[in-house]
Structures are given as C-alpha cells and as structure tokens.
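J.: File name entry-v9.pdb; file contents PDB, C-alpha atoms, pLDDT in the B column; full text below.
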```
ATOM      1  CA  MET A   1      14.244  -3.264  -4.441  1.00 50.00           C
ATOM      2  CA  ARG A   2      12.971  -3.567  -8.015  1.00 48.00           C
ATOM      3  CA  ARG A   3      12.284  -0.284  -9.830  1.00 51.00           C
ATOM      4  CA  ILE A   4       8.867  -0.016 -11.443  1.00 49.00           C
ATOM      5  CA  ASN A   5       6.801   2.905 -12.689  1.00 49.00           C
ATOM      6  CA  ASN A   6       6.192   5.402  -9.914  1.00 55.00           C
ATOM      7  CA  LEU A   7       3.375   7.674  -8.861  1.00 64.00           C
ATOM      8  CA  GLU A   8       5.242  10.915  -8.445  1.00 57.00           C
ATOM      9  CA  SER A   9       2.238  13.213  -8.064  1.00 54.00           C
ATOM     10  CA  ARG A  10      -1.342  13.057  -6.842  1.00 62.00           C
ATOM     11  CA  ASP A  11      -2.837  14.339 -10.083  1.00 61.00           C
ATOM     12  CA  GLY A  12      -4.860  11.205 -10.666  1.00 59.00           C
ATOM     13  CA  ALA A  13      -2.524   9.507 -13.153  1.00 78.00           C
ATOM     14  CA  ALA A  14      -2.541   5.739 -12.800  1.00 88.00           C
ATOM     15  CA  VAL A  15       0.207   3.145 -13.208  1.00 91.00           C
ATOM     16  CA  SER A  16      -0.745  -0.046 -15.054  1.00 92.00           C
ATOM     17  CA  LEU A  17       0.458  -3.354 -13.619  1.00 92.00           C
ATOM     18  CA  ALA A  18      -0.368  -7.043 -13.982  1.00 93.00           C
ATOM     19  CA  THR A  19      -0.609  -9.900 -11.529  1.00 93.00           C
ATOM     20  CA  ARG A  20       1.329 -13.121 -11.981  1.00 93.00           C
ATOM     21  CA  ASP A  21      -1.770 -14.692 -13.539  1.00 92.00           C
ATOM     22  CA  ARG A  22      -1.934 -11.778 -15.997  1.00 93.00           C
ATOM     23  CA  ARG A  23      -4.907  -9.899 -14.601  1.00 93.00           C
ATOM     24  CA  SER A  24      -4.672  -6.223 -15.537  1.00 94.00           C
ATOM     25  CA  ILE A  25      -4.779  -3.720 -12.671  1.00 95.00           C
ATOM     26  CA  ARG A  26      -3.924  -0.079 -12.159  1.00 95.00           C
ATOM     27  CA  VAL A  27      -2.691   1.945  -9.197  1.00 96.00           C
ATOM     28  CA  ARG A  28      -3.250   5.599  -8.350  1.00 95.00           C
ATOM     29  CA  HIS A  29      -3.445   7.879  -5.350  1.00 96.00           C
ATOM     30  CA  ILE A  30      -6.682   7.536  -3.446  1.00 96.00           C
ATOM     31  CA  ARG A  31      -9.348  10.236  -3.715  1.00 95.00           C
ATOM     32  CA  SER A  32     -12.098  11.239  -1.314  1.00 95.00           C
ATOM     33  CA  GLU A  33     -14.698   9.958  -3.756  1.00 96.00           C
ATOM     34  CA  ASP A  34     -13.183   6.460  -3.486  1.00 97.00           C
ATOM     35  CA  ALA A  35     -14.939   5.886  -0.153  1.00 97.00           C
ATOM     36  CA  ASN A  36     -17.642   3.803  -1.805  1.00 97.00           C
ATOM     37  CA  LEU A  37     -14.981   1.609  -3.416  1.00 98.00           C
ATOM     38  CA  LEU A  38     -13.407   1.046   0.005  1.00 98.00           C
ATOM     39  CA  VAL A  39     -16.787   0.054   1.462  1.00 97.00           C
ATOM     40  CA  ALA A  40     -17.364  -2.504  -1.276  1.00 97.00           C
ATOM     41  CA  MET A  41     -13.849  -3.879  -0.865  1.00 97.00           C
ATOM     42  CA  PHE A  42     -14.271  -4.238   2.907  1.00 96.00           C
ATOM     43  CA  TRP A  43     -17.374  -6.400   2.531  1.00 96.00           C
ATOM     44  CA  GLN A  44     -15.460  -8.638   0.111  1.00 96.00           C
ATOM     45  CA  LEU A  45     -12.646  -9.293   2.585  1.00 96.00           C
ATOM     46  CA  SER A  46     -12.709 -12.543   4.510  1.00 95.00           C
ATOM     47  CA  SER A  47     -12.944 -12.536   8.294  1.00 95.00           C
ATOM     48  CA  GLU A  48      -9.243 -13.412   8.506  1.00 94.00           C
ATOM     49  CA  SER A  49      -8.183 -10.604   6.154  1.00 94.00           C
ATOM     50  CA  ARG A  50     -10.181  -8.089   8.202  1.00 94.00           C
ATOM     51  CA  TRP A  51      -8.571  -9.422  11.375  1.00 92.00           C
ATOM     52  CA  ARG A  52      -5.086  -9.244   9.868  1.00 93.00           C
ATOM     53  CA  ARG A  53      -5.555  -5.650   8.740  1.00 93.00           C
ATOM     54  CA  PHE A  54      -7.539  -4.115  11.601  1.00 91.00           C
ATOM     55  CA  PHE A  55      -6.494  -6.385  14.541  1.00 91.00           C
ATOM     56  CA  VAL A  56     -10.063  -6.792  15.838  1.00 90.00           C
ATOM     57  CA  PRO A  57     -12.922  -9.118  14.804  1.00 88.00           C
ATOM     58  CA  LEU A  58     -15.249  -7.217  12.471  1.00 91.00           C
ATOM     59  CA  ASP A  59     -17.824  -9.802  11.400  1.00 89.00           C
ATOM     60  CA  ASN A  60     -20.623  -7.978  13.203  1.00 89.00           C
ATOM     61  CA  ILE A  61     -19.668  -4.406  12.406  1.00 93.00           C
ATOM     62  CA  GLU A  62     -22.514  -2.092  11.408  1.00 94.00           C
ATOM     63  CA  ALA A  63     -22.702  -0.790   7.853  1.00 95.00           C
ATOM     64  CA  ASP A  64     -22.868   2.839   9.028  1.00 96.00           C
ATOM     65  CA  HIS A  65     -19.548   2.442  10.831  1.00 95.00           C
ATOM     66  CA  VAL A  66     -17.901   0.904   7.756  1.00 96.00           C
ATOM     67  CA  GLU A  67     -19.088   3.837   5.635  1.00 97.00           C
ATOM     68  CA  HIS A  68     -17.822   6.363   8.193  1.00 96.00           C
ATOM     69  CA  GLU A  69     -14.395   4.716   8.367  1.00 95.00           C
ATOM     70  CA  ALA A  70     -14.185   4.479   4.591  1.00 97.00           C
ATOM     71  CA  GLN A  71     -14.821   8.206   4.274  1.00 97.00           C
ATOM     72  CA  ARG A  72     -12.132   8.895   6.866  1.00 95.00           C
ATOM     73  CA  LEU A  73      -9.582   6.633   5.174  1.00 96.00           C
ATOM     74  CA  ALA A  74     -10.270   8.130   1.748  1.00 97.00           C
ATOM     75  CA  ALA A  75      -9.712  11.683   3.014  1.00 95.00           C
ATOM     76  CA  ILE A  76      -5.932  12.033   2.922  1.00 93.00           C
ATOM     77  CA  ASP A  77      -3.931  14.732   4.680  1.00 93.00           C
ATOM     78  CA  PRO A  78      -1.402  15.440   1.886  1.00 90.00           C
ATOM     79  CA  ASP A  79       1.166  16.821   4.340  1.00 89.00           C
ATOM     80  CA  ARG A  80       1.349  13.548   6.287  1.00 93.00           C
ATOM     81  CA  GLU A  81      -0.275  10.731   4.358  1.00 95.00           C
ATOM     82  CA  VAL A  82      -0.170   8.766   1.139  1.00 96.00           C
ATOM     83  CA  ALA A  83      -2.618   6.041   0.139  1.00 97.00           C
ATOM     84  CA  LEU A  84      -2.395   4.050  -3.083  1.00 97.00           C
ATOM     85  CA  ILE A  85      -5.490   2.237  -4.301  1.00 97.00           C
ATOM     86  CA  VAL A  86      -5.432  -0.663  -6.749  1.00 97.00           C
ATOM     87  CA  LEU A  87      -8.314  -0.879  -9.201  1.00 97.00           C
ATOM     88  CA  ALA A  88      -9.628  -3.541 -11.581  1.00 96.00           C
ATOM     89  CA  ASP A  89     -12.547  -3.629 -13.998  1.00 95.00           C
ATOM     90  CA  GLU A  90     -15.107  -6.175 -12.841  1.00 94.00           C
ATOM     91  CA  ASN A  91     -18.601  -6.654 -14.233  1.00 90.00           C
ATOM     92  CA  ASN A  92     -18.330  -3.456 -16.268  1.00 91.00           C
ATOM     93  CA  LYS A  93     -17.423  -1.309 -13.265  1.00 94.00           C
ATOM     94  CA  GLU A  94     -14.357  -0.239 -11.302  1.00 95.00           C
ATOM     95  CA  SER A  95     -13.541  -2.178  -8.142  1.00 97.00           C
ATOM     96  CA  ALA A  96     -10.925  -1.655  -5.430  1.00 98.00           C
ATOM     97  CA  ILE A  97      -8.825  -4.735  -4.798  1.00 97.00           C
ATOM     98  CA  ALA A  98      -6.012  -3.422  -2.577  1.00 97.00           C
ATOM     99  CA  VAL A  99      -4.833  -0.378  -0.655  1.00 98.00           C
ATOM    100  CA  ALA A 100      -1.398   0.512   0.728  1.00 97.00           C
ATOM    101  CA  ARG A 101      -0.834   3.596   2.833  1.00 97.00           C
ATOM    102  CA  TYR A 102       1.516   5.376   5.168  1.00 97.00           C
ATOM    103  CA  ALA A 103       1.241   8.263   7.588  1.00 96.00           C
ATOM    104  CA  ARG A 104       4.193  10.220   8.946  1.00 95.00           C
ATOM    105  CA  PHE A 105       4.707  10.227  12.690  1.00 94.00           C
ATOM    106  CA  GLN A 106       3.970  13.659  14.100  1.00 87.00           C
ATOM    107  CA  THR A 107       6.984  13.393  16.394  1.00 83.00           C
ATOM    108  CA  ASP A 108       9.455  12.337  13.661  1.00 88.00           C
ATOM    109  CA  ALA A 109       8.783  13.211  10.021  1.00 86.00           C
ATOM    110  CA  ASP A 110      11.455  10.742   8.835  1.00 93.00           C
ATOM    111  CA  TYR A 111       9.339   7.848  10.111  1.00 96.00           C
ATOM    112  CA  ALA A 112       5.970   6.670   8.844  1.00 97.00           C
ATOM    113  CA  GLU A 113       3.545   3.932   9.845  1.00 97.00           C
ATOM    114  CA  ALA A 114       2.546   1.775   6.876  1.00 97.00           C
ATOM    115  CA  SER A 115      -0.084  -0.845   6.110  1.00 96.00           C
ATOM    116  CA  ILE A 116      -1.408  -2.859   3.198  1.00 96.00           C
ATOM    117  CA  VAL A 117      -4.543  -4.907   2.557  1.00 96.00           C
ATOM    118  CA  VAL A 118      -5.246  -7.051  -0.503  1.00 96.00           C
ATOM    119  CA  ARG A 119      -8.599  -8.595  -1.351  1.00 97.00           C
ATOM    120  CA  ASP A 120      -8.558 -12.358  -0.834  1.00 95.00           C
ATOM    121  CA  ASP A 121      -9.034 -13.314  -4.490  1.00 95.00           C
ATOM    122  CA  TYR A 122      -5.910 -11.293  -5.387  1.00 95.00           C
ATOM    123  CA  GLN A 123      -3.685 -12.573  -2.586  1.00 94.00           C
ATOM    124  CA  GLY A 124      -0.709 -14.701  -3.637  1.00 91.00           C
ATOM    125  CA  ALA A 125      -0.652 -13.178  -7.142  1.00 92.00           C
ATOM    126  CA  GLY A 126       2.332 -10.852  -6.673  1.00 91.00           C
ATOM    127  CA  LEU A 127       0.182  -7.756  -6.208  1.00 93.00           C
ATOM    128  CA  GLY A 128       1.302  -6.988  -2.657  1.00 92.00           C
ATOM    129  CA  GLN A 129       4.975  -6.934  -3.661  1.00 91.00           C
ATOM    130  CA  GLN A 130       4.399  -4.547  -6.565  1.00 93.00           C
ATOM    131  CA  LEU A 131       2.134  -2.277  -4.556  1.00 95.00           C
ATOM    132  CA  PHE A 132       4.541  -2.051  -1.644  1.00 93.00           C
ATOM    133  CA  ASP A 133       7.387  -1.274  -4.039  1.00 92.00           C
ATOM    134  CA  LEU A 134       5.372   1.701  -5.263  1.00 94.00           C
ATOM    135  CA  LEU A 135       4.588   2.839  -1.736  1.00 95.00           C
ATOM    136  CA  ILE A 136       8.262   2.708  -0.770  1.00 94.00           C
ATOM    137  CA  GLN A 137       9.363   4.628  -3.835  1.00 92.00           C
ATOM    138  CA  THR A 138       6.766   7.293  -3.079  1.00 93.00           C
ATOM    139  CA  ALA A 139       7.986   7.477   0.523  1.00 94.00           C
ATOM    140  CA  LEU A 140      11.617   7.804  -0.567  1.00 92.00           C
ATOM    141  CA  ALA A 141      10.690  10.717  -2.815  1.00 90.00           C
ATOM    142  CA  GLN A 142       9.080  12.387   0.205  1.00 91.00           C
ATOM    143  CA  GLY A 143      12.190  12.004   2.385  1.00 91.00           C
ATOM    144  CA  ILE A 144      10.932   9.180   4.580  1.00 94.00           C
ATOM    145  CA  THR A 145      13.728   6.910   5.780  1.00 94.00           C
ATOM    146  CA  HIS A 146      11.888   4.346   7.923  1.00 96.00           C
ATOM    147  CA  MET A 147       8.558   2.576   7.689  1.00 96.00           C
ATOM    148  CA  ILE A 148       7.034   0.968  10.755  1.00 97.00           C
ATOM    149  CA  LEU A 149       4.627  -1.906  10.158  1.00 96.00           C
ATOM    150  CA  LEU A 150       2.597  -3.813  12.732  1.00 96.00           C
ATOM    151  CA  THR A 151       1.334  -7.280  11.912  1.00 95.00           C
ATOM    152  CA  HIS A 152       0.457 -10.521  13.653  1.00 94.00           C
ATOM    153  CA  ALA A 153       3.486 -12.632  14.503  1.00 94.00           C
ATOM    154  CA  ASP A 154       2.019 -15.522  12.486  1.00 93.00           C
ATOM    155  CA  ASN A 155       1.225 -13.404   9.417  1.00 94.00           C
ATOM    156  CA  TYR A 156       3.918 -15.123   7.395  1.00 92.00           C
ATOM    157  CA  GLY A 157       2.645 -13.656   4.127  1.00 90.00           C
ATOM    158  CA  MET A 158       3.260 -10.090   5.309  1.00 92.00           C
ATOM    159  CA  ILE A 159       6.565 -10.916   6.966  1.00 92.00           C
ATOM    160  CA  GLY A 160       7.690 -12.736   3.816  1.00 91.00           C
ATOM    161  CA  LEU A 161       6.717  -9.738   1.669  1.00 91.00           C
ATOM    162  CA  ILE A 162       8.948  -7.471   3.766  1.00 91.00           C
ATOM    163  CA  HIS A 163      11.812  -9.966   3.604  1.00 89.00           C
ATOM    164  CA  ARG A 164      11.584 -10.239  -0.198  1.00 89.00           C
ATOM    165  CA  LEU A 165      11.951  -6.474  -0.574  1.00 88.00           C
ATOM    166  CA  GLY A 166      15.653  -6.996   0.046  1.00 86.00           C
ATOM    167  CA  MET A 167      15.901  -3.949   2.306  1.00 90.00           C
ATOM    168  CA  PRO A 168      17.309  -3.936   5.849  1.00 91.00           C
ATOM    169  CA  TYR A 169      14.809  -4.239   8.666  1.00 92.00           C
ATOM    170  CA  THR A 170      14.559  -5.109  12.327  1.00 92.00           C
ATOM    171  CA  SER A 171      11.619  -6.665  14.110  1.00 93.00           C
ATOM    172  CA  LYS A 172      10.383  -7.418  17.589  1.00 94.00           C
ATOM    173  CA  ILE A 173       7.473  -9.508  18.812  1.00 94.00           C
ATOM    174  CA  THR A 174       5.313  -8.444  21.730  1.00 94.00           C
ATOM    175  CA  SER A 175       2.043 -10.072  22.811  1.00 93.00           C
ATOM    176  CA  GLY A 176       1.642 -11.895  19.506  1.00 93.00           C
ATOM    177  CA  LEU A 177       2.277  -8.822  17.366  1.00 94.00           C
ATOM    178  CA  CYS A 178       5.358  -8.217  15.228  1.00 95.00           C
ATOM    179  CA  GLU A 179       6.609  -4.654  14.827  1.00 95.00           C
ATOM    180  CA  ILE A 180       8.849  -4.208  11.789  1.00 95.00           C
ATOM    181  CA  ASP A 181      11.158  -1.238  11.255  1.00 95.00           C
ATOM    182  CA  LEU A 182      11.968  -1.156   7.551  1.00 95.00           C
ATOM    183  CA  CYS A 183      14.938   1.021   6.585  1.00 94.00           C
ATOM    184  CA  LEU A 184      14.311   2.801   3.290  1.00 92.00           C
ATOM    185  CA  ILE A 185      17.674   4.532   2.926  1.00 81.00           C
ATOM    186  CA  ASP A 186      18.723   3.765  -0.630  1.00 55.00           C
ATOM    187  CA  ALA A 187      21.792   4.992  -2.493  1.00 40.00           C
ATOM    188  CA  THR A 188      19.777   5.077  -5.732  1.00 47.00           C
ATOM    189  CA  PRO A 189      17.260   7.930  -6.000  1.00 46.00           C
ATOM    190  CA  PRO A 190      13.694   6.983  -6.932  1.00 42.00           C
ATOM    191  CA  VAL A 191      12.953   6.999 -10.654  1.00 42.00           C
ATOM    192  CA  PHE A 192       9.775   8.348 -12.211  1.00 40.00           C
ATOM    193  CA  PRO A 193       9.745   7.089 -15.811  1.00 37.00           C
ATOM    194  CA  SER A 194       6.377   8.647 -16.613  1.00 37.00           C
ATOM    195  CA  THR A 195       7.697  12.182 -16.051  1.00 36.00           C
ATOM    196  CA  GLU A 196      11.399  12.137 -16.932  1.00 37.00           C
ATOM    197  CA  PRO A 197      12.751  12.819 -20.449  1.00 37.00           C
ATOM    198  CA  ALA A 198      13.587   9.697 -22.412  1.00 40.00           C
ATOM    199  CA  SER A 199      17.326  10.366 -22.160  1.00 40.00           C
ATOM    200  CA  SER A 200      17.104  10.581 -18.375  1.00 38.00           C
ATOM    201  CA  GLN A 201      15.193   7.305 -18.213  1.00 39.00           C
ATOM    202  CA  ALA A 202      17.830   5.562 -20.317  1.00 39.00           C
ATOM    203  CA  SER A 203      20.657   6.796 -18.120  1.00 38.00           C
ATOM    204  CA  ALA A 204      18.759   5.765 -14.972  1.00 39.00           C
ATOM    205  CA  ARG A 205      18.535   2.215 -16.249  1.00 39.00           C
TER     206      ARG A 205
END
```
Starting from the file, lay out its structure as structure tokens.
T.:
Amino acid sequence: MRRINNLESRDGAAVSLATRDRRSIRVRHIRSEDANLLVAMFWQLSSESRWRRFFVPLDNIEADHVEHEAQRLAAIDPDREVALIVLADENNKESAIAVARYARFQTDADYAEASIVVRDDYQGAGLGQQLFDLLIQTALAQGITHMILLTHADNYGMIGLIHRLGMPYTSKITSGLCEIDLCLIDATPPVFPSTEPASSQASAR
C-alpha cells in the first residue's frame, strides 16, 4: 500500500490531493454540518452509482428522506466510526465529490465495515484509490485489522480497486453480492507526515 499524507486527528485539518487529470481536491474528516454537501452530492450521482452504493433503486426517493439520511451519515460516532469526505471548489463554492467510511462491528472491534462512493464525473481519475488508502491508514492507526466490504459481484471497478491495494483479501459471492474481507495487518506502522518532526519523517521514508 502506498503511503500518502494521513488524517491522524479529527480536528478539521485537510489533506490536499490531485486526480490523475490534475484536478485539485482535499480530504478531511466529515462534520455534522456537511449534511447539506452530502445531499447535493447524492442528487449528482447517477442511478447506477446510487444502486452500487446503496443496493436499492433510489430514483424516486423523496427529498425529505435524502436530507434525513444525510444528517444521519454526517453525524459520526467517534468511538466506532470514521468518514472521510472529499471536497472540491466548483462555481465558487465547496462541493462534496466522494465519501469513504467505516464503522467497527459491535461484536468485534478489530473488524469494521467499509464503503466508498465517488461522484460519477470523478470516477476513473484515481480518486478512489487515494481515498481508500487514507481510510485504511486511519483504520490501522485505530487498531482495526480487517475491513469488510460488500459490493455487487459485477462491480469490477470496486473489486479492481481492492486488488490494486496490494493487501491480502478473501472474497465470497452470494446472491449476486461479493463480500470482501480485506486484511489490514501491516508490518509498517502508519505514518503521519503532517504531525511528525522532520527527522522522523525522513527516517520513515
């Protein structure tokens, strides 16, 4: 797994990244006030992207329900959950273009269920790989050793993303859905360049 700048804390600091086509983006921990950004992002997702992420058709969903779910998803339980939101400046305002999150299992704190969604106009630009790298590094720092992901068996983009991470995983397909168990155990501790002294960063590299 490639090491990139991490988000060690939830203090609002953002990590700057770029897509393959050189669009500037930034990543930070989600905040409760980001609910409106999530609503706007949802309405910009295609029908297929909504289906891939939420596993049900959502073309006819009511706006009130979208707003309620956005508020729920933006309200993180810091003891169990992490959600990273990707932001870009569009038309002189901040827009959400992707979200990756995990939640620990209540029955096993070493395991977490993870998901990612990327807005259609940013898919295929290398954003998903970078964002998932950040999510994994955050999970490693929190002592999580396995991530469980559920996706459609024909979601080759998501399955390919997991494969390119270069980390061991197992998978099983049931009723058209693929459950992936990604092993995060890594001999190298996660690195947080934004917070470590310069000498420590040099030795880590």
J.: Using only C-alpha atoms, pick whichever of A:Tyr122, A:Phe132, A:Trp51, A:Tyr156 has the shortest atom-to-atom distance to Ala96 of chain A.
T.: A:Tyr122
J.: What does the distance between atom CA of Ser175 of chain A and atom CA of Val66 of chain A come to in Å, to one decimal place?
T.: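 Here the two named atoms are 27.3 Å from each other.
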J.: Just the number, please: distance in Å from atom CA of Leu38 of chain A to atom CA of Lys93 of chain A, one decimal.
T.: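 About the pair atom CA of Leu38 of chain A and atom CA of Lys93 of chain A: they are 14.1 Å apart.
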J.: Find, counting only C-alpha atoms, the residue in A:His68, A:Arg28, A:Arg119, A:Arg104 that gets nearest to Phe42 of chain A.
T.: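 Between A:His68, A:Arg28, A:Arg119, A:Arg104, the residue approaching Phe42 of chain A most closely is A:Arg119.
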J.: For Leu150 of chain A, work out the shell of residues within 9 Å, counting all atoms listed in the file and skipping chain neighbours fewer than 6 positions away, then give it as a PDB file with C-alpha atoms, in the coordinates of the input.
T.:
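Saved result, selection-v5.pdb, follows:
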```pdb
ATOM      1  CA  GLU A 113       3.545   3.932   9.845  1.00 97.00           C
ATOM      2  CA  ALA A 114       2.546   1.775   6.876  1.00 97.00           C
ATOM      3  CA  SER A 115      -0.084  -0.845   6.110  1.00 96.00           C
ATOM      4  CA  LEU A 177       2.277  -8.822  17.366  1.00 94.00           C
ATOM      5  CA  CYS A 178       5.358  -8.217  15.228  1.00 95.00           C
ATOM      6  CA  GLU A 179       6.609  -4.654  14.827  1.00 95.00           C
ATOM      7  CA  ILE A 180       8.849  -4.208  11.789  1.00 95.00           C
TER       8      ILE A 180
END
```
J.: Contacts of Gln71 of chain A at 9 Å or less, counting only C-alpha atoms, minus same-chain residues fewer than 4 places along, as a PyMOL selection string?
T.: chain A and resi 32-36+38-39+66-67+75
J.: At what distance in Å, to one decimal, does atom CA of Thr19 of chain A lie from atom CA of Leu127 of chain A?
T.: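 Calculated distance between atom CA of Leu127 of chain A and atom CA of Thr19 of chain A is 5.8 Å.
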J.: What would the selection look like, as JSON, numbers by chain, if the PyMOL selection byres ((chain A and resi 82) around 12) were run on the coordinates I just shared?
T.: {"A": [7, 8, 9, 10, 28, 29, 30, 31, 73, 74, 75, 76, 77, 78, 79, 80, 81, 83, 84, 85, 99, 100, 101, 102, 103, 104, 112, 113, 114, 115, 116, 134, 135, 136, 137, 138, 139, 140, 141, 142, 144]}
J.: Point out the residue among A:Thr151, A:Asn91, A:Ile162, A:Pro168 with the least atom-to-atom distance to Phe55 of chain A, counting only C-alpha atoms.
T.: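 Closest residue, counting only C-alpha atoms: A:Thr151.
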J.: Between A:Arg53, A:Ala70, A:Ser95, A:Thr170, which one has atoms that come closest to Val117 of chain A, using only C-alpha atoms?
T.: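 So, comparing all the options, the nearest one is A:Arg53.
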J.: If you take every atom of segment 130-149 of chain A that the file lists and fit an axis-aligned box around them with 4 Å extra on each side, what centre and edge lengths come out in Å to one decimal, as AutoDock Vina command-line options?
T.:
```
--center_x 7.9 --center_y 3.9 --center_z 2.1 --size_x 19.6 --size_y 24.9 --size_z 25.3
```
J.: Name all residues at most 9 Å from Leu17 of chain A (count only C-alpha atoms; drop same-chain ones fewer than 5 positions away) and give them as a PyMOL selection string.
T.: chain A and resi 5+23-27+127+130
J.: Which of these residues is nearest to Ala14 of chain A, using only C-alpha atoms: A:Leu58, A:Ala88, A:Val118, A:Ala40?
T.: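 The answer is A:Ala88, which sits nearest to Ala14 of chain A.
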J.: Could you check which of A:Leu182, A:Tyr169, A:Gly128, A:His152 is closest to Val56 of chain A, using only C-alpha atoms?
T.: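 Of all the options, A:His152 lies closest to Val56 of chain A.
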